[in-house]
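Undergrad: Here's a structure for you.
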Amino acid sequence: MGLLVKRVNVSLLSISLLIAVFSDVINISSISMVSSILYFQFFYVLGLYIKQYKLLDYIKSSVIVLVSIVVFSIGNYVLLLDVNMFKILNIITAISGINITYYVANQIHNRVGWYNSLLIFLGTVSMDIYIFSDIVKIPFRILLWSKLGLYYEAFIVCFVASTIVSIFIGYMLRKNHYSRLLCLGIKK
């Protein structure tokens with residue numbers, strides 16, 4: 001994908017959208033991970049496209065955010081009804097959710113100082129949380145969810161514990177050059 005950074009255009013974006021929409025059909029190996037990769041590659045290419053053409057300023061528009069809220073609400077309602085539309089509805093709903101999230105984050109950034117610092121910190125540790133959170137959640141899920149049947153408590157404990165422990169693991173790994181490179185992809 002690194003080669004695409006300089007070559008993202010409408011044609012590539014359209015092709016990646018078609019691949020994402022028909023990812024289940026294209027995946028002849030029937031391996032779910034392949035289907036997921038084919039689906040999520042669209043969002044990667046879309047991000048490159050938005051960055052290359054500096055389209056983030058357009059997402060800040062109140063009109064686009066209002067349209068995104070309507071589309072997101074309707075899309076989630078229809079998805080709850082389990083309507084199968086070759087993933088196009090999932091993609092449209094996800095894009096509208098991304099627009100809303102970006103708008104809210106931008107509003108927080110512009111208005112509140114300590115929120116801004118918190119978001120910057122969470123942004124620097126987000127990969128740590130993404131990589132390690134599932135591993136941390138396993139014992140809590142087994143004990144609280146499966147053994148004790150404490151569903152809501154398991155959700156809260158998993159969220160808090162996986163976030164805090166993942167940040168700690170990432171911090172410890174950053175101390176060693178090789179672990180930074182192997183686990184976190186950081187070369188410095």
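Within each chain, counting starts at residue 1; across the structure tokens, chains are named A, B, ... in the order shown, with ligands numbered 1 upward in that order.
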Give me the residues near Phe132 of chain A as number ranges by chain, where near means some atom within 8 Å (using only C-alpha atoms) and where sequence neighbours in that chain fewer than 4 positions away do not count.
TA: A: 128, 136, 162, 166, 169
Undergrad: Where does segment 85-160 of chain A meet segment 65-68 of chain A within 9 Å, residue by residue, with the nearest atom pair and distance in Å to one decimal for each, counting only C-alpha atoms, listed by chain and rising number, as a Markdown table?
TA:
```
| residue | atom | partner | partner_atom | distance |
| --- | --- | --- | --- | --- |
| A:Thr93 | CA | A:Ser68 | CA | 8.3 |
| A:Ile95 | CA | A:Ser68 | CA | 8.2 |
| A:Ser96 | CA | A:Ser68 | CA | 4.5 |
| A:Gly97 | CA | A:Ser68 | CA | 7.0 |
| A:Ile98 | CA | A:Ser68 | CA | 8.8 |
| A:Asn99 | CA | A:Val65 | CA | 6.6 |
| A:Ile100 | CA | A:Val65 | CA | 5.9 |
| A:Tyr103 | CA | A:Val65 | CA | 7.1 |
```
Undergrad: Taking the DSSP assignment computed from this structure's backbone, write out as a VMD selection string all residues of chain A that belong to helix (DSSP H, G or I).
TA: chain A and resid 2 to 6 10 to 21 23 to 26 32 to 52 56 to 59 62 to 80 88 to 111 113 to 147 151 to 174 177 to 184
